[in-house]
$ cat entry.cif   # mmCIF, C-alpha atoms
data_entry
#
loop_
_atom_site.label_atom_id
_atom_site.label_comp_id
_atom_site.auth_asym_id
_atom_site.auth_seq_id
_atom_site.Cartn_x
_atom_site.Cartn_y
_atom_site.Cartn_z
CA MET A 1 9.09 128.23 -50.38
CA ASP A 2 10.59 125.80 -52.92
CA GLU A 3 13.09 124.40 -50.42
CA GLN A 4 10.38 123.26 -47.91
CA ARG A 5 8.40 121.05 -50.36
CA PRO A 6 10.90 118.14 -50.53
CA SER A 7 10.99 117.98 -46.74
CA ARG A 8 7.23 117.67 -46.44
CA SER A 9 7.12 115.07 -49.19
CA ASN A 10 9.74 112.88 -47.44
CA GLY A 11 7.87 112.98 -44.13
CA TRP A 12 4.68 111.90 -45.77
CA LEU A 13 6.41 108.93 -47.39
CA ARG A 14 7.96 107.83 -44.11
CA ALA A 15 4.59 107.94 -42.37
CA LEU A 16 3.03 105.86 -45.10
CA ALA A 17 5.79 103.23 -44.91
CA THR A 18 5.44 102.96 -41.13
CA THR A 19 1.69 102.49 -41.46
CA LEU A 20 2.13 99.68 -43.98
CA VAL A 21 4.69 97.86 -41.81
CA LEU A 22 2.49 98.01 -38.72
CA GLY A 23 -0.51 96.81 -40.73
CA ALA A 24 1.44 93.88 -42.06
CA ILE A 25 2.57 92.90 -38.56
CA PHE A 26 -0.90 93.07 -37.01
CA GLY A 27 -2.52 91.44 -40.02
CA GLY A 28 -0.07 88.49 -39.96
CA GLY A 29 -0.62 87.92 -36.26
CA TRP A 30 -4.35 87.94 -36.75
CA PHE A 31 -3.99 85.39 -39.59
CA LEU A 32 -1.89 83.06 -37.50
CA LEU A 33 -4.40 83.09 -34.68
CA GLN A 34 -7.30 81.98 -36.87
CA PRO A 35 -8.77 78.44 -36.24
CA ASN A 36 -7.48 77.09 -39.54
CA HIS A 37 -3.98 78.45 -38.96
CA GLY A 38 -3.49 78.14 -35.22
CA TRP A 39 -0.16 78.65 -33.57
CA PRO A 40 1.95 76.80 -32.65
CA PHE A 41 0.02 73.71 -34.01
CA PRO A 42 -2.59 73.56 -36.74
CA GLN A 43 -6.19 73.13 -35.61
CA ALA A 44 -8.74 70.76 -37.02
CA LYS A 45 -10.71 72.18 -39.98
CA ASN A 46 -14.03 70.65 -38.91
CA ASN A 47 -15.64 68.75 -36.09
CA SER A 48 -14.81 65.36 -37.56
CA ASP A 49 -11.08 66.21 -37.54
CA ALA A 50 -11.10 68.12 -34.28
CA ALA A 51 -10.80 65.13 -31.82
CA PRO A 52 -10.21 61.37 -32.02
CA SER A 53 -12.94 58.89 -31.05
CA SER A 54 -13.43 58.35 -27.29
CA LYS A 55 -14.31 54.61 -27.76
CA PRO A 56 -11.95 52.47 -25.49
CA ALA A 57 -9.46 50.11 -27.10
CA ALA A 58 -10.18 46.36 -26.93
CA ILE A 59 -8.06 44.45 -24.42
CA PRO A 60 -6.29 41.37 -25.87
CA VAL A 61 -7.04 38.20 -23.90
CA THR A 62 -6.96 34.43 -24.37
CA VAL A 63 -10.28 32.62 -24.24
CA ALA A 64 -11.43 29.01 -24.11
CA LYS A 65 -14.70 27.17 -23.77
CA ALA A 66 -15.90 25.35 -20.69
CA SER A 67 -16.10 21.63 -21.46
CA THR A 68 -17.45 18.40 -20.03
CA ARG A 69 -15.16 15.56 -19.04
CA ASP A 70 -14.63 12.79 -16.50
CA LEU A 71 -12.33 13.77 -13.65
CA ARG A 72 -10.25 11.07 -11.99
CA ILE A 73 -10.27 11.53 -8.22
CA GLU A 74 -6.76 10.62 -7.13
CA ARG A 75 -4.65 10.95 -4.02
CA SER A 76 -0.89 10.91 -4.27
CA GLY A 77 2.02 10.46 -1.92
CA LEU A 78 5.74 9.85 -1.99
CA GLY A 79 6.49 6.14 -1.95
CA THR A 80 9.37 3.68 -1.83
CA VAL A 81 9.75 0.61 -4.01
CA ILE A 82 10.17 -2.53 -1.88
CA SER A 83 10.67 -6.17 -2.75
CA LEU A 84 8.02 -8.66 -1.74
CA ASN A 85 10.81 -11.07 -0.78
CA ALA A 86 14.45 -10.28 -0.10
CA ILE A 87 16.69 -12.79 1.64
CA ASP A 88 20.32 -13.29 2.56
CA VAL A 89 21.31 -16.83 1.58
CA LYS A 90 23.08 -18.41 4.56
CA PHE A 91 25.09 -21.61 4.81
CA ARG A 92 23.50 -24.57 6.60
CA ALA A 93 26.53 -26.83 6.61
CA ASP A 94 30.17 -26.43 7.60
CA GLY A 95 32.98 -27.01 5.15
CA GLN A 96 35.14 -25.63 2.40
CA LEU A 97 33.37 -23.71 -0.39
CA GLN A 98 34.33 -25.55 -3.56
CA THR A 99 32.44 -23.74 -6.34
CA ILE A 100 30.13 -20.75 -6.86
CA GLY A 101 27.44 -21.34 -9.47
CA PHE A 102 26.00 -17.87 -10.11
CA LYS A 103 27.03 -14.59 -11.68
CA GLU A 104 26.57 -11.42 -9.72
CA GLY A 105 23.68 -9.21 -10.75
CA ARG A 106 21.89 -11.96 -12.70
CA ASP A 107 18.48 -13.52 -12.30
CA VAL A 108 18.11 -16.96 -10.74
CA GLN A 109 15.18 -19.31 -10.39
CA ALA A 110 14.10 -21.11 -7.26
CA GLY A 111 16.16 -24.30 -6.94
CA ASP A 112 19.14 -23.09 -8.99
CA VAL A 113 22.50 -24.18 -7.55
CA LEU A 114 24.35 -21.21 -6.09
CA ALA A 115 27.36 -22.93 -4.48
CA GLN A 116 28.82 -26.28 -3.52
CA ILE A 117 30.45 -27.11 -0.18
CA ASP A 118 32.82 -30.08 0.09
CA PRO A 119 30.37 -32.98 0.64
CA ARG A 120 32.85 -35.73 1.60
CA PRO A 121 32.61 -35.38 5.39
CA TYR A 122 28.84 -35.66 5.17
CA GLN A 123 29.01 -38.57 2.77
CA ALA A 124 31.19 -40.42 5.31
CA GLN A 125 28.75 -39.57 8.08
CA LEU A 126 25.88 -40.92 5.99
CA ALA A 127 27.79 -44.14 5.32
CA GLN A 128 28.48 -44.52 9.02
CA SER A 129 24.82 -44.06 9.89
CA GLU A 130 23.78 -46.58 7.26
CA ALA A 131 26.30 -49.11 8.65
CA ALA A 132 24.91 -48.67 12.14
CA TYR A 133 21.44 -49.22 10.74
CA GLN A 134 22.47 -52.44 9.08
CA LYS A 135 24.12 -53.66 12.28
CA ASP A 136 21.08 -52.96 14.37
CA GLN A 137 18.88 -54.49 11.71
CA ALA A 138 20.85 -57.74 11.99
CA SER A 139 20.59 -57.62 15.79
CA LEU A 140 16.87 -57.06 15.51
CA ASN A 141 16.49 -60.04 13.20
CA ASN A 142 18.34 -62.26 15.69
CA ALA A 143 16.28 -60.92 18.58
CA GLN A 144 13.10 -61.69 16.73
CA LEU A 145 14.25 -65.32 16.20
CA ASP A 146 15.08 -65.63 19.90
CA GLU A 147 11.67 -64.29 20.75
CA ALA A 148 9.99 -66.85 18.49
CA ARG A 149 11.94 -69.75 20.04
CA ALA A 150 11.22 -68.51 23.58
CA GLU A 151 7.52 -68.30 22.86
CA LYS A 152 7.53 -71.83 21.35
CA LEU A 153 9.30 -73.27 24.34
CA GLY A 154 7.05 -71.40 26.72
CA SER A 155 3.90 -72.67 25.04
CA SER A 156 5.13 -76.28 25.28
CA GLY A 157 6.10 -75.90 28.94
CA ALA A 158 9.79 -76.32 28.21
CA GLY A 159 10.59 -72.66 28.71
CA THR A 160 9.85 -69.97 31.26
CA ASN A 161 7.78 -66.85 30.93
CA GLN A 162 10.83 -64.80 31.97
CA ALA A 163 12.74 -66.01 28.92
CA VAL A 164 9.87 -65.01 26.69
CA GLU A 165 9.69 -61.54 28.20
CA THR A 166 13.46 -61.10 27.94
CA ALA A 167 13.36 -62.01 24.26
CA ARG A 168 10.53 -59.54 23.65
CA ALA A 169 12.52 -56.81 25.41
CA GLN A 170 15.51 -57.44 23.20
CA VAL A 171 13.34 -57.11 20.12
CA ALA A 172 12.02 -53.76 21.42
CA VAL A 173 15.56 -52.54 22.15
CA PHE A 174 16.83 -53.29 18.68
CA THR A 175 13.68 -51.90 17.10
CA ALA A 176 14.29 -48.59 18.90
CA ALA A 177 17.97 -48.68 17.93
CA LEU A 178 16.97 -49.21 14.35
CA ALA A 179 14.66 -46.19 14.49
CA GLY A 180 17.51 -44.10 15.90
CA ASP A 181 19.78 -45.29 13.11
CA GLN A 182 17.17 -44.28 10.54
CA ALA A 183 16.97 -40.82 12.11
CA ALA A 184 20.75 -40.53 11.91
CA ILE A 185 20.63 -41.54 8.26
CA ASP A 186 17.97 -38.91 7.55
CA ALA A 187 20.05 -36.26 9.35
CA ALA A 188 23.17 -37.25 7.43
CA LYS A 189 21.28 -37.09 4.15
CA LEU A 190 19.93 -33.67 5.06
CA ASN A 191 23.39 -32.35 5.95
CA LEU A 192 24.70 -33.76 2.71
CA GLU A 193 21.93 -31.98 0.87
CA PHE A 194 22.87 -28.73 2.61
CA THR A 195 26.32 -28.89 1.05
CA THR A 196 24.62 -27.91 -2.23
CA VAL A 197 23.40 -24.33 -1.71
CA LYS A 198 20.26 -23.65 -3.77
CA ALA A 199 18.24 -20.51 -4.40
CA PRO A 200 15.17 -20.60 -2.15
CA ILE A 201 13.29 -18.00 -4.27
CA ALA A 202 13.44 -16.56 -7.77
CA GLY A 203 14.99 -13.13 -8.05
CA ARG A 204 18.09 -11.12 -8.77
CA VAL A 205 21.31 -11.93 -6.95
CA GLY A 206 23.54 -9.20 -5.62
CA MET A 207 27.27 -9.30 -5.02
CA ARG A 208 28.75 -12.42 -3.45
CA GLN A 209 30.09 -12.07 0.05
CA VAL A 210 32.27 -15.21 0.16
CA ASP A 211 34.96 -16.41 -2.25
CA GLU A 212 35.65 -19.92 -3.48
CA GLY A 213 37.98 -21.88 -1.20
CA ALA A 214 36.83 -20.22 1.99
CA VAL A 215 35.80 -22.37 4.94
CA VAL A 216 32.24 -21.55 5.88
CA HIS A 217 30.07 -22.45 8.86
CA ALA A 218 26.38 -22.59 9.52
CA SER A 219 26.93 -20.14 12.39
CA ASP A 220 28.51 -17.44 10.18
CA SER A 221 26.76 -14.08 10.29
CA THR A 222 27.80 -13.36 6.70
CA GLY A 223 25.87 -15.24 4.06
CA LEU A 224 26.72 -16.22 0.53
CA VAL A 225 24.67 -13.64 -1.40
CA SER A 226 21.39 -11.73 -1.25
CA ILE A 227 18.45 -12.50 -3.54
CA THR A 228 15.81 -9.85 -4.21
CA GLN A 229 12.50 -10.65 -5.85
CA MET A 230 11.99 -8.19 -8.70
CA SER A 231 8.72 -9.35 -10.21
CA PRO A 232 6.15 -8.77 -8.90
CA ILE A 233 7.25 -5.86 -6.73
CA ALA A 234 5.57 -3.47 -4.30
CA VAL A 235 5.44 0.24 -3.53
CA ARG A 236 4.83 1.43 0.00
CA PHE A 237 3.47 4.96 0.51
CA SER A 238 1.38 6.97 2.97
CA LEU A 239 -1.70 9.18 2.72
CA PRO A 240 -3.38 11.47 5.28
CA GLN A 241 -5.90 9.85 7.59
CA ASP A 242 -8.66 12.04 6.09
CA ASP A 243 -8.46 9.92 2.92
CA LEU A 244 -8.99 6.67 4.83
CA PRO A 245 -12.82 6.48 4.52
CA ALA A 246 -12.67 6.88 0.74
CA LEU A 247 -9.88 4.32 0.51
CA VAL A 248 -11.74 1.74 2.58
CA ALA A 249 -14.98 2.31 0.64
CA GLY A 250 -13.19 1.98 -2.69
CA GLN A 251 -11.23 -1.09 -1.62
CA ALA A 252 -14.45 -2.78 -0.60
CA GLN A 253 -15.49 -2.73 -4.28
CA GLY A 254 -12.21 -4.29 -5.42
CA ASN A 255 -8.52 -3.48 -5.37
CA LEU A 256 -8.04 0.18 -6.31
CA ASP A 257 -5.84 1.17 -9.25
CA VAL A 258 -2.48 2.70 -8.39
CA ALA A 259 -0.12 4.43 -10.81
CA VAL A 260 3.47 5.38 -10.08
CA ASP A 261 5.54 8.08 -11.73
CA SER A 262 9.15 9.10 -11.36
CA ARG A 263 9.87 11.29 -8.34
CA ASP A 264 9.96 14.46 -10.46
CA GLY A 265 6.74 13.47 -12.25
CA SER A 266 8.36 13.49 -15.69
CA ARG A 267 7.82 9.78 -16.48
CA HIS A 268 5.00 7.33 -15.90
CA LEU A 269 6.51 4.06 -14.67
CA ALA A 270 3.91 1.40 -13.95
CA ASP A 271 0.31 0.56 -13.05
CA GLY A 272 -0.75 -1.82 -10.32
CA LYS A 273 -3.30 -2.54 -7.62
CA LEU A 274 -3.63 -1.49 -4.00
CA GLU A 275 -3.15 -4.61 -1.89
CA VAL A 276 -2.84 -3.49 1.73
CA ILE A 277 -4.26 -0.70 3.90
CA ASP A 278 -2.45 -0.72 7.20
CA SER A 279 -4.46 -1.65 10.28
CA GLN A 280 -3.52 1.49 12.20
CA ILE A 281 -2.70 5.16 11.70
CA ASP A 282 0.68 6.54 12.66
CA VAL A 283 -0.11 8.76 15.66
CA ALA A 284 3.04 10.83 15.11
CA THR A 285 2.21 11.84 11.53
CA GLY A 286 -1.51 11.20 11.14
CA MET A 287 -0.78 9.12 8.05
CA VAL A 288 -1.91 5.64 7.04
CA ARG A 289 0.47 3.32 5.23
CA LEU A 290 -0.50 1.61 1.99
CA LYS A 291 1.11 -1.05 -0.20
CA ALA A 292 0.46 -1.56 -3.89
CA VAL A 293 1.76 -4.44 -6.04
CA PHE A 294 2.98 -4.13 -9.64
CA PRO A 295 3.89 -6.86 -12.19
CA ASN A 296 7.18 -5.12 -13.05
CA ASP A 297 7.94 -7.45 -15.93
CA ALA A 298 9.95 -4.72 -17.65
CA ARG A 299 11.94 -4.03 -14.46
CA VAL A 300 11.11 -0.31 -14.44
CA LEU A 301 10.77 -0.35 -10.65
CA TRP A 302 13.84 -0.97 -8.51
CA PRO A 303 13.94 -1.71 -4.79
CA GLY A 304 14.74 1.40 -2.79
CA GLU A 305 13.65 3.78 -5.56
CA LEU A 306 11.60 6.85 -4.58
CA VAL A 307 8.45 7.30 -6.67
CA ASP A 308 5.24 9.30 -6.72
CA ALA A 309 2.28 6.97 -6.15
CA ARG A 310 -1.27 7.92 -7.18
CA VAL A 311 -4.25 5.88 -6.06
CA LEU A 312 -7.56 6.26 -7.92
CA ILE A 313 -10.38 6.44 -5.40
CA GLY A 314 -13.18 7.45 -7.80
CA VAL A 315 -14.27 9.20 -11.01
CA ASP A 316 -16.44 12.34 -11.27
CA HIS A 317 -18.35 11.64 -14.48
CA GLY A 318 -19.57 14.46 -16.75
CA ALA A 319 -18.08 17.36 -14.78
CA THR A 320 -18.11 20.89 -16.25
CA VAL A 321 -14.50 22.01 -16.20
CA VAL A 322 -12.39 25.02 -17.18
CA PRO A 323 -8.63 25.51 -17.13
CA SER A 324 -7.63 26.37 -13.59
CA ALA A 325 -6.02 29.63 -14.77
CA ALA A 326 -9.50 30.98 -15.58
CA VAL A 327 -10.70 30.84 -11.96
CA GLN A 328 -10.08 34.04 -9.98
CA ASN A 329 -10.53 34.64 -6.27
CA GLY A 330 -12.15 37.78 -4.90
CA GLN A 331 -13.59 39.07 -1.66
CA ASP A 332 -16.90 37.36 -2.41
CA GLY A 333 -15.39 34.06 -3.52
CA SER A 334 -14.37 32.50 -6.81
CA TYR A 335 -15.41 33.94 -10.19
CA VAL A 336 -14.60 33.76 -13.89
CA PHE A 337 -14.90 36.27 -16.72
CA VAL A 338 -17.48 35.10 -19.25
CA VAL A 339 -17.37 36.44 -22.82
CA ARG A 340 -20.61 38.02 -24.06
CA PRO A 341 -21.73 37.99 -27.72
CA ASP A 342 -20.72 41.66 -28.11
CA LYS A 343 -17.14 40.85 -27.03
CA THR A 344 -17.51 42.35 -23.59
CA VAL A 345 -17.06 40.41 -20.39
CA SER A 346 -18.97 39.89 -17.21
CA ALA A 347 -17.67 38.50 -13.90
CA VAL A 348 -19.68 35.42 -12.92
CA ALA A 349 -19.48 33.89 -9.44
CA VAL A 350 -18.79 30.16 -9.51
CA LYS A 351 -18.61 27.30 -7.06
CA THR A 352 -15.53 25.19 -7.64
CA GLY A 353 -14.99 21.49 -7.15
CA LEU A 354 -12.00 19.23 -7.77
CA THR A 355 -8.85 20.38 -9.53
CA VAL A 356 -7.23 17.63 -11.63
CA ASP A 357 -4.38 17.95 -14.15
CA GLY A 358 -4.79 21.71 -14.54
CA TYR A 359 -8.61 21.67 -14.84
CA THR A 360 -11.08 22.81 -12.19
CA ALA A 361 -14.62 21.51 -11.95
CA LEU A 362 -17.33 24.20 -11.73
CA LEU A 363 -20.37 23.12 -9.74
CA SER A 364 -22.39 26.25 -10.61
CA GLY A 365 -22.22 29.55 -12.50
CA VAL A 366 -20.92 28.37 -15.89
CA SER A 367 -22.25 25.74 -18.29
CA SER A 368 -20.39 23.69 -20.85
CA GLY A 369 -19.68 25.57 -24.09
CA GLN A 370 -19.50 29.08 -22.62
CA GLU A 371 -16.40 31.10 -23.48
CA ILE A 372 -14.32 32.22 -20.55
CA VAL A 373 -11.17 34.32 -20.23
CA LEU A 374 -7.92 32.51 -19.46
CA ASP A 375 -5.45 35.37 -19.02
CA GLY A 376 -5.29 39.12 -18.77
CA GLN A 377 -7.96 39.23 -16.05
CA SER A 378 -6.07 41.90 -14.11
CA ARG A 379 -6.96 44.47 -16.81
CA LEU A 380 -10.63 43.54 -16.99
CA THR A 381 -13.69 44.91 -15.27
CA LYS A 382 -17.37 44.32 -15.83
CA GLY A 383 -18.25 45.35 -19.37
CA SER A 384 -14.66 45.59 -20.64
CA LEU A 385 -14.29 45.25 -24.41
CA ILE A 386 -11.90 42.47 -25.36
CA ASN A 387 -10.01 41.28 -28.40
CA PRO A 388 -10.15 37.51 -27.82
CA ARG A 389 -7.82 34.92 -29.20
CA SER A 390 -8.34 31.21 -28.79
CA GLU A 391 -6.21 29.09 -26.48
CA THR A 392 -4.42 27.72 -29.56
CA GLY A 393 -3.64 31.24 -30.79
CA ASP A 394 -6.23 31.37 -33.64
CA SER A 395 -7.66 34.86 -33.11
CA SER A 396 -9.73 34.82 -36.29
CA LYS A 397 -11.91 32.01 -34.93
CA ALA A 398 -12.05 33.49 -31.46
CA GLN A 399 -13.37 36.80 -32.82
CA GLY A 400 -16.30 35.17 -34.58
CA PRO A 401 -19.78 35.15 -33.11
CA SER A 402 -20.15 33.27 -29.85
CA THR A 403 -22.32 30.18 -29.81
#

$ encode --input "entry.cif" --output "structure tokens"
Amino acid sequence: MDEQRPSRSNGWLRALATTLVLGAIFGGGWFLLQPNHGWPFPQAKNNSDAAPSSKPAAIPVTVAKASTRDLRIERSGLGTVISLNAIDVKFRADGQLQTIGFKEGRDVQAGDVLAQIDPRPYQAQLAQSEAAYQKDQASLNNAQLDEARAEKLGSSGAGTNQAVETARAQVAVFTAALAGDQAAIDAAKLNLEFTTVKAPIAGRVGMRQVDEGAVVHASDSTGLVSITQMSPIAVRFSLPQDDLPALVAGQAQGNLDVAVDSRDGSRHLADGKLEVIDSQIDVATGMVRLKAVFPNDARVLWPGELVDARVLIGVDHGATVVPSAAVQNGQDGSYVFVVRPDKTVSAVAVKTGLTVDGYTALLSGVSSGQEIVLDGQSRLTKGSLINPRSETGDSSKAQGPST
């Protein structure tokens, strides 16, 4: 009886220990599954911590205000600088070229001496013509005396009418000879003058084509040098025939303003006036040729240079404009996103006009002073909340109340 008691006591203790272990296991699992101790991640303690706000985040965009300005209505085309006068100075007398009186690439004035041809042959020819004139002048004087004597004798009955007529004929012959001698003198003087080669126009000389000492002729195909007028100068360019009515109407009020820039548009070169609208349209291209003239005192335009020419055909005064980047195109036409006072946007249909220098005129839909979105439109829909920043990057001002 005494030996069985320890055995029963040990069994009872093992049963108790097993019960405690199982209770601890189930109790711990229950604790971990409670809302405040969720597994594997903790749960919110209350409703305010249970879920973040469902309000959408504001979309960052750049905004600007529609403004009022005058838009210059211009038409542009690729043009070529041309000289109003460009000549190749040719020789007008034969002989040896004695001296050259210009430096290549320099400016000359009209009448400046460019070269000198040996004048001696022409001086001798002039002297010969003058001697012939003097001879015939003496013969004429003698013939006139004979005529006077013949007429005196004829009037007194001592001479015949035939003698009088013969004397008159001799006077006429020598008078004509004297006129021919004078013409020869004039020709000799002119040829002598041609031995001094002068600049017929003012301009810039190029490279000489003949050297000193060479024998030149009036029939030579090669001249002495070319002279190109640099100031004033012209630009010739073409515009589509559709612009012709506006050009003609504008030109009727006075010569239209024309500005030229470098071919890449990086530099403004000069301002001038439209002088010529061609009398016909090129049937092959449908373009009309124009010519504008520029003072070119600073020599910024050079013959043969390619430039971009812009002719001003009118001004749209007081136009409501926005940066062209703000205008979007949809299935129903053009529209812009307008900023509301609550910093949401609405898509407003607009009718567009001219686009000049990155600005587009709006004929309807938006008024001057309204804020519009410049970028980020692809993320916007009607009613989207935005975080606007001004075009200059000052977001603090852009986020203030709209006016």

$ atom_distance --input "entry.cif" --atom1 "atom CA of Arg289 of chain A" --atom2 "atom CA of Leu71 of chain A"
25.1 Å

$ closest_atom_pairs --input "entry.cif" --of "segment 61-159 of chain A" --to "segment 242-263 of chain A" --cutoff "9 Å" --atoms "only C-alpha atoms" --output "tab-separated table"
residue	atom	partner	partner_atom	distance
A:Arg75	CA	A:Asp243	CA	8.0
A:Leu78	CA	A:Arg263	CA	7.7
A:Gly79	CA	A:Val260	CA	8.7

$ closest_residue --input "entry.cif" --among "A:Leu269, A:Ala131, A:Val373, A:Val197" --to "Phe91 of chain A" --atoms "all atoms listed in the file"
A:Val197

$ resolve_selection --input "entry.cif" --expression "the PyMOL selection byres ((chain A and resi 357-360) around 12)" --output "PyMOL selection string"
chain A and resi 66-74+316+319-328+334+336+350-356+361-364+366+374

$ residues_around --input "entry.cif" --residues "Gln241 of chain A" --least-positions-apart "5" --cutoff "8 Å" --atoms "only C-alpha atoms" --output "PyMOL selection string"
chain A and resi 281+286-288

$ closest_residue --input "entry.cif" --among "A:Ala183, A:Val339, A:Ile100, A:Val173" --to "Asp112 of chain A" --atoms "all atoms listed in the file"
A:Ile100
